[in-house]
file my_file_18.tsv (TSV, C-alpha atoms)
chain	number	residue	atom	x	y	z
A	1131	MET	CA	247.56	71.57	95.88
A	1132	ILE	CA	244.46	72.76	94.05
A	1133	GLY	CA	245.77	70.94	90.96
A	1134	SER	CA	246.00	67.65	92.83
A	1135	LEU	CA	242.35	68.03	93.85
A	1136	TYR	CA	241.30	68.33	90.22
A	1137	SER	CA	243.50	65.39	89.24
A	1138	GLY	CA	241.75	63.27	91.86
A	1139	ILE	CA	238.33	64.44	90.64
A	1140	SER	CA	239.22	63.50	87.05
A	1141	GLY	CA	240.18	60.02	88.28
A	1142	LEU	CA	236.84	59.69	90.08
A	1143	LYS	CA	234.91	60.73	86.96
A	1144	ALA	CA	236.87	58.42	84.63
A	1145	ASN	CA	236.55	55.40	86.90
A	1146	THR	CA	232.86	56.08	87.49
A	1147	SER	CA	232.34	55.93	83.71
A	1148	ALA	CA	234.41	52.75	83.56
A	1149	MET	CA	232.27	51.24	86.31
A	1150	SER	CA	229.14	52.02	84.23
A	1151	VAL	CA	230.60	50.19	81.23
A	1152	ILE	CA	231.58	47.16	83.33
A	1153	GLY	CA	228.12	47.12	84.90
A	1154	ASP	CA	226.53	47.23	81.44
A	1155	ASN	CA	228.70	44.28	80.32
A	1156	ILE	CA	227.75	42.19	83.35
A	1157	ALA	CA	224.06	43.10	83.03
A	1158	ASN	CA	224.05	41.82	79.42
A	1159	VAL	CA	225.80	38.51	80.07
A	1160	ASP	CA	222.65	36.68	78.85
A	1161	THR	CA	221.73	39.10	76.05
A	1162	THR	CA	221.64	37.41	72.64
A	1163	GLY	CA	224.41	38.66	70.36
A	1164	PHE	CA	225.69	41.27	72.85
A	1165	LYS	CA	229.27	42.47	72.34
A	1166	VAL	CA	231.36	43.40	75.38
A	1167	SER	CA	232.78	46.94	75.58
A	1168	LYS	CA	236.07	48.13	77.01
A	1169	VAL	CA	237.02	51.62	78.20
A	1170	SER	CA	240.29	53.32	77.30
A	1171	PHE	CA	241.84	56.21	79.26
A	1172	ALA	CA	244.17	59.07	78.33
A	1173	ASN	CA	246.12	61.54	80.41
A	1174	VAL	CA	245.07	65.20	80.39
A	1175	PHE	CA	247.49	67.69	78.79
A	1176	ASN	CA	250.51	68.70	80.86
A	1177	ALA	CA	251.13	72.14	82.30
A	1178	SER	CA	254.68	73.36	81.79
A	1179	LEU	CA	256.63	74.78	84.75
A	1180	GLY	CA	259.13	76.66	82.66
A	1181	GLN	CA	261.14	73.73	81.34
A	1182	SER	CA	260.03	70.92	79.02
A	1183	ARG	CA	261.33	68.37	81.52
A	1184	MET	CA	259.14	69.75	84.28
A	1185	GLN	CA	255.62	68.87	83.16
A	1186	ILE	CA	252.91	67.90	85.59
A	1187	GLY	CA	249.80	66.14	84.38
A	1188	ARG	CA	246.32	67.33	85.15
A	1189	GLY	CA	244.66	63.94	85.62
A	1190	VAL	CA	242.90	61.43	83.41
A	1191	THR	CA	239.95	61.32	81.05
A	1192	MET	CA	237.99	58.52	79.40
A	1193	SER	CA	239.26	58.75	75.83
A	1194	GLY	CA	236.97	56.19	74.26
A	1195	MET	CA	235.07	52.95	74.40
A	1196	SER	CA	235.45	50.07	71.97
A	1197	ALA	CA	233.40	46.93	71.45
A	1198	ASN	CA	234.92	43.47	71.19
A	1199	TRP	CA	233.30	41.99	68.04
A	1200	SER	CA	234.56	38.44	68.51
A	1201	SER	CA	231.82	35.83	68.11
A	1202	GLY	CA	229.98	34.56	71.14
A	1203	THR	CA	229.18	30.91	71.80
A	1204	VAL	CA	226.55	29.46	69.44
A	1205	GLU	CA	223.95	27.44	71.32
A	1206	SER	CA	221.08	25.36	69.98
A	1207	SER	CA	217.62	26.78	70.65
A	1208	GLY	CA	215.37	24.18	69.01
A	1209	ASN	CA	213.49	26.91	67.09
A	1210	VAL	CA	214.09	26.59	63.35
A	1211	THR	CA	213.79	30.36	62.74
A	1212	ASP	CA	216.47	31.20	65.33
A	1213	LEU	CA	219.61	32.00	63.35
A	1214	ALA	CA	223.23	32.57	64.32
A	1215	ILE	CA	226.10	33.78	62.14
A	1216	ASN	CA	229.30	31.72	62.06
A	1217	GLY	CA	231.77	34.47	61.24
A	1218	GLN	CA	231.47	38.08	60.11
A	1219	GLY	CA	228.25	39.76	59.11
A	1220	MET	CA	225.07	41.19	60.56
A	1221	PHE	CA	221.40	40.57	59.90
A	1222	ILE	CA	219.45	43.42	58.31
A	1223	VAL	CA	216.08	44.42	59.75
A	1224	GLN	CA	213.67	47.07	58.51
A	1225	ASP	CA	211.12	49.01	60.53
A	1226	SER	CA	207.73	47.95	59.08
A	1227	SER	CA	206.32	51.44	59.73
A	1228	GLY	CA	208.64	52.89	57.12
A	1229	GLY	CA	211.52	53.77	59.46
A	1230	GLY	CA	215.19	53.18	58.95
A	1231	GLN	CA	217.32	50.13	58.35
A	1232	TYR	CA	219.13	48.49	61.25
A	1233	TYR	CA	221.73	45.77	61.74
A	1234	THR	CA	221.97	43.14	64.45
A	1235	ARG	CA	223.72	39.94	65.51
A	1236	ALA	CA	220.68	38.82	67.49
A	1237	GLY	CA	218.96	36.23	65.32
A	1238	GLN	CA	215.91	35.52	67.48
A	1239	PHE	CA	213.35	35.58	64.64
A	1240	GLU	CA	209.83	34.31	64.04
A	1241	PHE	CA	207.04	34.62	61.47
A	1242	ASP	CA	204.37	37.12	62.50
A	1243	VAL	CA	200.61	37.05	61.87
A	1244	ASP	CA	201.19	38.50	58.38
A	1245	SER	CA	203.70	35.73	57.54
A	1246	TYR	CA	206.72	38.08	57.62
A	1247	LEU	CA	209.97	37.04	59.31
A	1248	VAL	CA	210.49	39.53	62.16
A	1249	ASN	CA	212.72	40.08	65.17
A	1250	GLN	CA	211.52	40.51	68.76
A	1251	ASP	CA	210.66	44.17	68.09
A	1252	GLY	CA	208.54	43.36	65.06
A	1253	MET	CA	211.11	44.62	62.55
A	1254	ARG	CA	211.13	42.66	59.30
A	1255	VAL	CA	214.22	40.66	58.39
A	1256	GLN	CA	215.61	41.51	54.97
A	1257	GLY	CA	216.57	39.06	52.26
A	1258	TRP	CA	215.60	37.86	48.81
A	1259	SER	CA	212.51	36.01	47.63
A	1260	ILE	CA	213.17	32.90	45.53
A	1261	THR	CA	211.10	31.85	42.52
A	1262	PRO	CA	210.50	28.10	43.12
A	1263	SER	CA	210.43	27.16	39.42
A	1264	THR	CA	213.72	28.85	38.47
A	1265	GLY	CA	215.53	29.49	41.77
A	1266	ALA	CA	216.03	33.14	40.74
A	1267	LEU	CA	216.44	35.73	43.51
A	1268	GLY	CA	214.11	38.72	43.64
A	1269	PRO	CA	215.04	42.21	44.86
A	1270	LEU	CA	216.16	42.77	48.46
A	1271	GLY	CA	213.12	43.06	50.71
A	1272	ASP	CA	211.03	41.43	53.41
A	1273	ILE	CA	211.13	37.63	53.80
A	1274	SER	CA	207.62	36.17	53.89
A	1275	MET	CA	206.36	32.62	54.27
A	1276	PRO	CA	204.45	31.31	51.22
A	1277	ALA	CA	200.75	30.46	51.22
A	1278	GLY	CA	199.82	27.23	52.94
A	1279	MET	CA	199.33	25.22	49.72
A	1280	SER	CA	201.77	24.40	46.93
A	1281	ASP	CA	200.80	24.20	43.26
A	1282	PRO	CA	200.35	20.76	41.69
A	1283	GLN	CA	202.56	19.63	38.82
A	1284	ALA	CA	201.39	17.52	35.91
A	1285	THR	CA	203.37	14.40	35.09
A	1286	SER	CA	205.57	14.95	32.05
A	1287	ASP	CA	208.10	12.15	32.46
A	1288	ILE	CA	208.01	8.55	33.70
A	1289	THR	CA	210.48	5.70	33.97
A	1290	ILE	CA	209.64	2.05	34.58
A	1291	GLY	CA	212.28	-0.45	35.60
A	1292	MET	CA	211.11	-3.93	34.60
A	1293	ASN	CA	211.98	-7.25	32.99
A	1294	LEU	CA	209.80	-8.93	30.39
A	1295	ASP	CA	210.38	-12.68	30.45
A	1296	ALA	CA	212.29	-13.92	27.36
A	1297	GLY	CA	210.83	-17.39	28.01
A	1298	ALA	CA	207.21	-16.23	27.89
A	1299	LEU	CA	205.03	-17.77	25.19
A	1300	VAL	CA	203.51	-15.73	22.41
A	1301	THR	CA	200.23	-14.18	23.64
A	1302	ASP	CA	201.45	-14.25	27.29
A	1303	THR	CA	200.77	-10.96	29.05
A	1304	TYR	CA	202.17	-8.91	31.90
A	1305	ASP	CA	200.41	-5.90	33.39
A	1306	THR	CA	201.41	-3.11	35.77
A	1307	THR	CA	200.09	0.28	36.88
A	1308	VAL	CA	201.76	3.69	37.18
A	1309	THR	CA	200.13	6.58	39.08
A	1310	THR	CA	200.44	9.96	37.35
A	1311	TYR	CA	198.94	13.40	38.03
A	1312	ASP	CA	197.18	15.86	35.76
A	1313	SER	CA	197.68	19.65	35.89
A	1314	LEU	CA	194.99	19.98	38.58
A	1315	GLY	CA	196.73	17.45	40.82
A	1316	ASN	CA	194.20	14.68	40.20
A	1317	PRO	CA	195.71	11.18	40.27
A	1318	VAL	CA	195.41	9.24	36.99
A	1319	GLU	CA	196.23	5.52	37.09
A	1320	LEU	CA	197.78	4.29	33.84
A	1321	ALA	CA	197.29	0.53	33.42
A	1322	PHE	CA	199.95	-0.98	31.13
A	1323	VAL	CA	199.25	-4.37	29.52
A	1324	PHE	CA	202.24	-5.99	27.74
A	1325	THR	CA	201.57	-8.86	25.32
A	1326	LYS	CA	204.30	-10.97	23.72
A	1327	THR	CA	203.67	-11.10	19.98
A	1328	VAL	CA	206.94	-12.35	18.45
A	1329	ALA	CA	209.24	-15.01	19.93
A	1330	SER	CA	212.46	-13.97	18.16
A	1331	PRO	CA	213.57	-11.28	18.21
A	1332	ALA	CA	211.46	-10.91	21.31
A	1333	THR	CA	208.73	-8.35	20.65
A	1334	TRP	CA	206.04	-7.16	23.04
A	1335	THR	CA	203.14	-4.85	22.26
A	1336	TYR	CA	201.58	-2.73	24.93
A	1337	ALA	CA	198.41	-0.75	25.50
A	1338	ILE	CA	197.62	1.85	28.16
A	1339	THR	CA	194.25	2.44	29.80
A	1340	PRO	CA	193.70	5.47	32.07
A	1341	SER	CA	191.59	5.11	35.21
A	1342	VAL	CA	189.50	8.24	34.51
A	1343	SER	CA	186.13	7.50	32.94
A	1344	GLY	CA	185.93	8.75	29.34
A	1345	ALA	CA	189.70	9.30	29.05
A	1346	THR	CA	191.84	7.55	26.47
A	1347	ALA	CA	195.57	6.99	26.11
A	1348	THR	CA	197.88	6.62	23.16
A	1349	PRO	CA	199.35	4.15	22.36
A	1350	GLY	CA	196.17	2.09	22.38
A	1351	ALA	CA	195.71	-1.64	21.94
A	1352	GLY	CA	198.55	-3.18	19.92
A	1353	SER	CA	200.00	0.17	18.84
A	1354	GLY	CA	203.00	0.28	21.14
A	1355	THR	CA	205.93	-2.13	20.78
A	1356	LEU	CA	209.07	-3.07	22.71
A	1357	THR	CA	211.81	-5.16	21.06
A	1358	PHE	CA	214.88	-6.91	22.50
A	1359	ASP	CA	217.98	-8.40	20.86
A	1360	GLY	CA	219.33	-11.90	21.39
A	1361	SER	CA	220.99	-10.84	24.67
A	1362	GLY	CA	217.77	-9.48	26.15
A	1363	VAL	CA	218.92	-5.89	25.73
A	1364	PHE	CA	216.27	-3.35	24.80
A	1365	SER	CA	216.61	-2.35	21.14
A	1366	GLY	CA	213.63	-0.13	20.32
A	1367	THR	CA	210.12	1.10	21.03
A	1368	THR	CA	207.29	2.84	19.21
A	1369	PRO	CA	206.23	5.37	20.41
A	1370	GLN	CA	208.16	6.88	23.34
A	1371	THR	CA	205.54	9.56	24.12
A	1372	ILE	CA	202.31	8.77	25.93
A	1373	THR	CA	199.32	11.11	25.52
A	1374	VAL	CA	196.25	11.05	27.74
A	1375	THR	CA	193.14	12.92	26.57
A	1376	GLY	CA	189.61	13.31	27.82
A	1377	LEU	CA	190.62	14.53	31.28
A	1378	ALA	CA	189.34	17.71	32.96
A	1379	PRO	CA	189.52	20.83	30.74
A	1380	ALA	CA	193.12	21.78	29.95
A	1381	ALA	CA	194.36	18.85	32.03
A	1382	ASP	CA	195.32	16.45	29.20
A	1383	MET	CA	198.85	15.05	29.53
A	1384	SER	CA	201.80	14.39	27.25
A	1385	ILE	CA	204.29	12.10	29.00
A	1386	SER	CA	207.81	11.09	27.89
A	1387	TRP	CA	208.72	7.48	28.67
A	1388	THR	CA	212.46	7.70	29.40
A	1389	GLY	CA	215.14	5.32	30.58
A	1390	LEU	CA	214.00	2.47	28.32
A	1391	ASP	CA	217.52	1.60	27.22
A	1392	THR	CA	218.74	1.19	30.80
A	1393	GLU	CA	215.65	0.29	32.82
A	1394	VAL	CA	213.83	-2.29	30.62
A	1395	THR	CA	215.29	-5.74	29.88
A	1396	GLY	CA	214.15	-8.94	28.21
A	1397	TYR	CA	216.04	-11.63	30.16
A	1398	ALA	CA	214.93	-15.20	30.83
A	1399	ALA	CA	213.40	-14.41	34.22
A	1400	ASP	CA	209.95	-13.70	35.55
A	1401	SER	CA	208.26	-10.57	34.24
A	1402	VAL	CA	208.47	-8.08	37.08
A	1403	LYS	CA	208.51	-4.36	37.74
A	1404	THR	CA	211.60	-3.37	39.72
A	1405	ALA	CA	211.21	0.41	39.95
A	1406	GLN	CA	209.22	3.36	38.73
A	1407	THR	CA	209.42	7.14	38.89
A	1408	GLN	CA	207.27	10.03	37.69
A	1409	ASN	CA	207.69	13.77	38.16
A	1410	GLY	CA	204.12	14.85	38.88
A	1411	TYR	CA	202.53	15.54	42.24
A	1412	PRO	CA	199.28	16.84	43.71
A	1413	SER	CA	198.90	20.07	45.63
A	1414	GLY	CA	200.27	19.94	49.17
A	1415	MET	CA	199.84	21.71	52.49
A	1416	LEU	CA	202.77	23.47	54.13
A	1417	GLN	CA	203.88	21.36	57.08
A	1418	GLY	CA	207.12	23.01	58.11
A	1419	ILE	CA	210.18	24.95	57.04
A	1420	SER	CA	213.92	24.38	57.13
A	1421	VAL	CA	216.94	26.71	56.85
A	1422	ASP	CA	220.37	25.71	55.54
A	1423	GLU	CA	223.83	27.19	56.16
A	1424	ASP	CA	223.41	29.50	53.15
A	1425	GLY	CA	220.39	31.08	54.82
A	1426	VAL	CA	217.91	29.57	52.33
A	1427	PHE	CA	214.38	29.03	53.67
A	1428	THR	CA	212.63	25.94	52.27
A	1429	GLY	CA	208.98	24.97	52.69
A	1430	LEU	CA	208.23	21.30	53.40
A	1431	TYR	CA	204.86	20.17	51.97
A	1432	SER	CA	202.60	17.19	52.59
A	1433	ASN	CA	203.04	15.99	48.99
A	1434	GLY	CA	206.76	15.50	49.60
A	1435	THR	CA	207.92	18.59	47.72
A	1436	MET	CA	210.50	21.01	49.11
A	1437	LEU	CA	210.28	24.53	47.67
A	1438	SER	CA	212.76	27.29	48.54
A	1439	PHE	CA	211.07	30.64	49.04
A	1440	GLY	CA	213.62	33.04	50.55
A	1441	GLN	CA	217.23	33.69	51.49
A	1442	VAL	CA	218.43	35.89	54.35
A	1443	ALA	CA	220.83	38.76	53.59
A	1444	LEU	CA	223.93	39.67	55.60
A	1445	ALA	CA	225.71	43.02	55.80
A	1446	ASP	CA	229.45	43.48	56.26
A	1447	PHE	CA	231.24	46.67	57.31
A	1448	ALA	CA	234.74	48.05	56.95
A	1449	SER	CA	234.71	48.99	60.67
A	1450	TYR	CA	232.29	47.34	63.07
A	1451	SER	CA	233.57	49.60	65.85
A	1452	GLY	CA	232.13	52.56	63.95
A	1453	LEU	CA	228.54	51.29	64.15
A	1454	SER	CA	226.14	53.35	66.24
A	1455	LYS	CA	224.28	51.59	69.05
A	1456	GLN	CA	220.51	52.06	69.00
A	1457	GLY	CA	219.47	49.72	71.83
A	1458	SER	CA	217.56	46.42	71.54
A	1459	ASN	CA	220.71	44.84	70.01
A	1460	LEU	CA	220.34	47.16	67.01
A	1461	PHE	CA	222.99	49.24	65.23
A	1462	THR	CA	223.00	51.77	62.41
A	1463	SER	CA	225.79	52.57	59.99
A	1464	SER	CA	227.82	55.76	60.25
A	1465	LEU	CA	230.67	57.52	58.50
A	1466	ALA	CA	233.04	55.71	60.85
A	1467	SER	CA	231.67	52.25	59.97
A	1468	GLY	CA	231.37	52.75	56.23
A	1469	GLN	CA	228.47	51.72	54.05
A	1470	PRO	CA	227.14	48.14	54.37
A	1471	ILE	CA	228.25	45.54	51.85
A	1472	ILE	CA	225.23	43.26	51.42
A	1473	SER	CA	225.67	39.66	50.24
A	1474	THR	CA	224.39	36.13	50.71
A	1475	PRO	CA	225.78	34.03	53.59
A	1476	ASN	CA	229.05	32.16	52.95
A	1477	THR	CA	230.14	34.68	50.30
A	1478	ALA	CA	232.17	37.88	50.13
A	1479	GLY	CA	233.81	37.29	53.50
A	1480	VAL	CA	230.65	36.92	55.59
A	1481	GLY	CA	229.93	33.77	57.58
A	1482	GLY	CA	227.40	31.00	57.17
A	1483	ILE	CA	224.14	30.53	59.02
A	1484	ALA	CA	223.63	28.15	61.95
A	1485	PRO	CA	219.87	27.41	61.98
A	1486	SER	CA	217.98	26.59	65.19
A	1487	SER	CA	220.75	28.37	67.11
A	1488	LEU	CA	221.46	31.67	68.82
A	1489	GLU	CA	224.73	33.52	69.40
A	1490	MET	CA	225.25	34.20	73.07
A	1491	SER	CA	226.99	37.32	74.40
A	1492	ASN	CA	230.80	37.31	74.45
A	1493	VAL	CA	230.96	38.66	78.02
A	1494	ASP	CA	233.60	36.87	80.14
A	1495	LEU	CA	232.43	37.23	83.73
A	1496	ALA	CA	235.86	36.42	85.19
A	1497	THR	CA	237.46	39.23	83.20
A	1498	GLU	CA	234.68	41.65	84.10
A	1499	PHE	CA	235.01	40.92	87.82
A	1500	VAL	CA	238.76	41.55	87.69
A	1501	GLU	CA	238.09	44.85	85.87
A	1502	LEU	CA	235.49	45.64	88.53
A	1503	ILE	CA	238.02	45.15	91.33
A	1504	THR	CA	240.76	47.21	89.68
A	1505	THR	CA	238.31	50.01	88.86
A	1506	GLN	CA	237.04	50.03	92.43
A	1507	ARG	CA	240.60	50.25	93.78
A	1508	ALA	CA	241.44	53.04	91.32
A	1509	PHE	CA	238.37	54.96	92.49
A	1510	GLN	CA	239.38	54.50	96.12
A	1511	ALA	CA	242.94	55.64	95.39
A	1512	ASN	CA	241.72	58.80	93.65
A	1513	SER	CA	239.41	59.57	96.56
A	1514	LYS	CA	242.46	59.28	98.84
A	1515	VAL	CA	244.26	61.86	96.68
A	1516	ILE	CA	241.38	64.27	97.25
A	1517	THR	CA	241.22	63.70	101.02
A	1518	THR	CA	245.00	63.93	101.37
A	1519	SER	CA	245.12	67.14	99.34
A	1520	ASP	CA	242.36	68.53	101.52
A	1521	GLU	CA	244.33	67.70	104.68
A	1522	VAL	CA	247.46	69.35	103.29
A	1523	LEU	CA	245.46	72.47	102.41
A	1524	ALA	CA	244.00	72.49	105.92
A	1525	GLU	CA	247.50	72.38	107.41
A	1526	LEU	CA	248.57	75.18	105.11
A	1527	ILE	CA	245.66	77.34	106.28
A	1528	ASN	CA	246.48	76.51	109.91
A	1529	ILE	CA	249.97	78.06	109.47
A	1530	LYS	CA	248.27	81.44	109.58
A	1531	ARG	CA	247.12	80.69	113.10
call {"tool": "encode", "arguments": {"input": "my_file_18.tsv", "output": "structure tokens"}}
result
Amino acid sequence: MIGSLYSGISGLKANTSAMSVIGDNIANVDTTGFKVSKVSFANVFNASLGQSRMQIGRGVTMSGMSANWSSGTVESSGNVTDLAINGQGMFIVQDSSGGGQYYTRAGQFEFDVDSYLVNQDGMRVQGWSITPSTGALGPLGDISMPAGMSDPQATSDITIGMNLDAGALVTDTYDTTVTTYDSLGNPVELAFVFTKTVASPATWTYAITPSVSGATATPGAGSGTLTFDGSGVFSGTTPQTITVTGLAPAADMSISWTGLDTEVTGYAADSVKTAQTQNGYPSGMLQGISVDEDGVFTGLYSNGTMLSFGQVALADFASYSGLSKQGSNLFTSSLASGQPIISTPNTAGVGGIAPSSLEMSNVDLATEFVELITTQRAFQANSKVITTSDEVLAELINIKR
């Protein structure tokens, strides 16, 4: 009878632990990225009563606890720096005070006062910096927002879509203006004046005058030519490079005029400019950021430019169940989990990024309540074993009377 008492006690202990796990699951139903845990039980070794067929167990023990790593529901948050992972992988965060490296599914991030991307505990999110001019990735490290102003870019290429009237008389002119930018971001208006000089084959000369006082442009008056064949198709120009000098120090420009063979025509229609492009721009102020499914952070500037400055890193593990819980939705690697395999989103088996979204917990309340009921009943049943064993022992002692 003493053995049955201990069996009942083991059942009480095991189900009390199970109740704690279920309570933890229910308590974290609204915790971002939380993964539900489940308890497993095992019987205690048997005591032999002389024959292998006569073995009586000694109760139950909680043999382990495993997490369910299935993805939770992804819900929109409206905050562009909130990130969720569609698939496998974990975000990497680093303690800014020089502590260890942690992993999490909770993507509730924001930029702090020092412009670093951090989680709710102030730990810095890890990723790669991106060189805007080349798109090259830097070493793995903190993700930081760039300074509030982007560099200007001098104009080095222009295209002008236009038609020069084949029916125009010799000496007729057509003028248009193209806005370009020097290396300091100053706008420079280039005034083009086209003059028809030869009726057939149609030939137009052109001159360019910059808007900056004291600046000059080449080709000058009468030095540039455009020619067309009998079908109005562009056939040649001299020169195809425009130089502008006399601007601010070191701000002179050399501009390629491209697309002449496809954009410029000499048909019998009014002279008109139909399109123009140029690749320069002034400096711009940072107005916002965006994040794509590859985890690339892009700055949006007032001058219309979009410059990528960082990409979030994801870690994958051979065994997610082997990760060690550290609280605050954080985990560390262990021998049981294996070393992290770090890669960019949407590669090497890890999922993509859902920006402006958060992964909810994967707790199913209906399942947890059923587990709660069965655990409660199991606890009650084990308590009955103890009380019944006690009554039997009491009767046994009363025999002596």
call {"tool": "residues_around", "arguments": {"input": "my_file_18.tsv", "residues": "Asp1295 (chain A)", "least_positions_apart": "3", "cutoff": "7 Å", "atoms": "all atoms listed in the file", "output": "PDB file with C-alpha atoms, in the coordinates of the input"}}
result
ATOM      1  CA  ALA A1298     207.210 -16.230  27.890  1.00  0.00           C
ATOM      2  CA  GLY A1396     214.150  -8.940  28.210  1.00  0.00           C
ATOM      3  CA  TYR A1397     216.040 -11.630  30.160  1.00  0.00           C
ATOM      4  CA  ALA A1398     214.930 -15.200  30.830  1.00  0.00           C
ATOM      5  CA  ALA A1399     213.400 -14.410  34.220  1.00  0.00           C
ATOM      6  CA  ASP A1400     209.950 -13.700  35.550  1.00  0.00           C
ATOM      7  CA  SER A1401     208.260 -10.570  34.240  1.00  0.00           C
TER       8      SER A1401
END
call {"tool": "residues_around", "arguments": {"input": "my_file_18.tsv", "residues": "Asn1145 (chain A)", "least_positions_apart": "6", "cutoff": "10 Å", "atoms": "all atoms listed in the file", "output": "ChimeraX atom specification"}}
result
/A:1139,1151,1169,1171,1190-1192,1502,1504-1510,1512
call {"tool": "write_last_selection", "arguments": {"input": "my_file_18.tsv", "atoms": "C-alpha atoms", "output": "compact mmCIF listing (two decimals), in the coordinates of the input"}}
result
# COMPACT_ATOMS: atom_id res chain seq x y z
CA ILE A 1139 238.33 64.44 90.64
CA VAL A 1151 230.60 50.19 81.23
CA VAL A 1169 237.02 51.62 78.20
CA PHE A 1171 241.84 56.21 79.26
CA VAL A 1190 242.90 61.43 83.41
CA THR A 1191 239.95 61.32 81.05
CA MET A 1192 237.99 58.52 79.40
CA LEU A 1502 235.49 45.64 88.53
CA THR A 1504 240.76 47.21 89.68
CA THR A 1505 238.31 50.01 88.86
CA GLN A 1506 237.04 50.03 92.43
CA ARG A 1507 240.60 50.25 93.78
CA ALA A 1508 241.44 53.04 91.32
CA PHE A 1509 238.37 54.96 92.49
CA GLN A 1510 239.38 54.50 96.12
CA ASN A 1512 241.72 58.80 93.65
call {"tool": "axis_aligned_box", "arguments": {"input": "my_file_18.tsv", "around": "region 1271-1288 of chain A", "padding_each_side": "3 Å", "output": "lines of an AutoDock Vina configuration file"}}
result
center_x = 206.2
center_y = 25.8
center_z = 43.2
size_x = 19.8
size_y = 40.5
size_z = 28.2
call {"tool": "atom_distance", "arguments": {"input": "my_file_18.tsv", "atom1": "CA of Leu1444 (chain A)", "atom2": "CA of Ala1236 (chain A)"}}
result
12.4 Å
call {"tool": "atom_distance", "arguments": {"input": "my_file_18.tsv", "atom1": "CA of Tyr1136 (chain A)", "atom2": "CA of Thr1518 (chain A)"}}
result
12.5 Å
call {"tool": "residues_around", "arguments": {"input": "my_file_18.tsv", "residues": "region 1214-1227 of chain A", "least_positions_apart": "2", "cutoff": "6 Å", "atoms": "only C-alpha atoms", "output": "JSON, numbers by chain"}}
result
{"A": [1229, 1231, 1232, 1233, 1234, 1235, 1237, 1253, 1254, 1255, 1256, 1444, 1445, 1446, 1480, 1481, 1482, 1483, 1484, 1487, 1488, 1489]}
call {"tool": "residues_around", "arguments": {"input": "my_file_18.tsv", "residues": "region 1318-1325 of chain A", "least_positions_apart": "3", "cutoff": "9 Å", "atoms": "all atoms listed in the file", "output": "VMD selection string"}}
result
chain A and resid 1294 1300 to 1312 1333 to 1342 1347 1351 to 1352 1355 to 1356
call {"tool": "atom_distance", "arguments": {"input": "my_file_18.tsv", "atom1": "CA of Ala1448 (chain A)", "atom2": "CA of Gly1468 (chain A)"}}
result
5.8 Å
call {"tool": "residues_around", "arguments": {"input": "my_file_18.tsv", "residues": "Ser1519 (chain A)", "least_positions_apart": "2", "cutoff": "9 Å", "atoms": "only C-alpha atoms", "output": "PyMOL selection string"}}
result
chain A and resi 1131-1132+1134-1135+1514-1517+1521-1524
call {"tool": "closest_atom_pairs", "arguments": {"input": "my_file_18.tsv", "of": "region 1236-1275 of chain A", "to": "region 1428-1433 of chain A", "cutoff": "12 Å", "atoms": "only C-alpha atoms", "output": "JSON lines"}}
result
{"residue": "A:Ser1259", "atom": "CA", "partner": "A:Thr1428", "partner_atom": "CA", "distance": 11.1}
{"residue": "A:Ile1260", "atom": "CA", "partner": "A:Thr1428", "partner_atom": "CA", "distance": 9.7}
{"residue": "A:Thr1261", "atom": "CA", "partner": "A:Thr1428", "partner_atom": "CA", "distance": 11.5}
{"residue": "A:Pro1262", "atom": "CA", "partner": "A:Thr1428", "partner_atom": "CA", "distance": 9.6}
{"residue": "A:Gly1265", "atom": "CA", "partner": "A:Thr1428", "partner_atom": "CA", "distance": 11.5}
{"residue": "A:Ile1273", "atom": "CA", "partner": "A:Thr1428", "partner_atom": "CA", "distance": 11.9}
{"residue": "A:Ser1274", "atom": "CA", "partner": "A:Gly1429", "partner_atom": "CA", "distance": 11.3}
{"residue": "A:Met1275", "atom": "CA", "partner": "A:Gly1429", "partner_atom": "CA", "distance": 8.2}
call {"tool": "residues_near_point", "arguments": {"input": "my_file_18.tsv", "point": "(209.5, -14.4, 16.5)", "cutoff": "12 Å", "atoms": "only C-alpha atoms", "output": "mmCIF file with C-alpha atoms, in the coordinates of the input"}}
result
data_model
loop_
_atom_site.group_PDB
_atom_site.id
_atom_site.type_symbol
_atom_site.label_atom_id
_atom_site.label_comp_id
_atom_site.auth_asym_id
_atom_site.auth_seq_id
_atom_site.Cartn_x
_atom_site.Cartn_y
_atom_site.Cartn_z
ATOM 1 C CA ALA A 1296 212.290 -13.920 27.360
ATOM 2 C CA GLY A 1297 210.830 -17.390 28.010
ATOM 3 C CA ALA A 1298 207.210 -16.230 27.890
ATOM 4 C CA LEU A 1299 205.030 -17.770 25.190
ATOM 5 C CA VAL A 1300 203.510 -15.730 22.410
ATOM 6 C CA THR A 1301 200.230 -14.180 23.640
ATOM 7 C CA LYS A 1326 204.300 -10.970 23.720
ATOM 8 C CA THR A 1327 203.670 -11.100 19.980
ATOM 9 C CA VAL A 1328 206.940 -12.350 18.450
ATOM 10 C CA ALA A 1329 209.240 -15.010 19.930
ATOM 11 C CA SER A 1330 212.460 -13.970 18.160
ATOM 12 C CA PRO A 1331 213.570 -11.280 18.210
ATOM 13 C CA ALA A 1332 211.460 -10.910 21.310
ATOM 14 C CA THR A 1333 208.730 -8.350 20.650
ATOM 15 C CA TRP A 1334 206.040 -7.160 23.040
ATOM 16 C CA THR A 1357 211.810 -5.160 21.060
ATOM 17 C CA PHE A 1358 214.880 -6.910 22.500
ATOM 18 C CA ASP A 1359 217.980 -8.400 20.860
ATOM 19 C CA GLY A 1360 219.330 -11.900 21.390
#
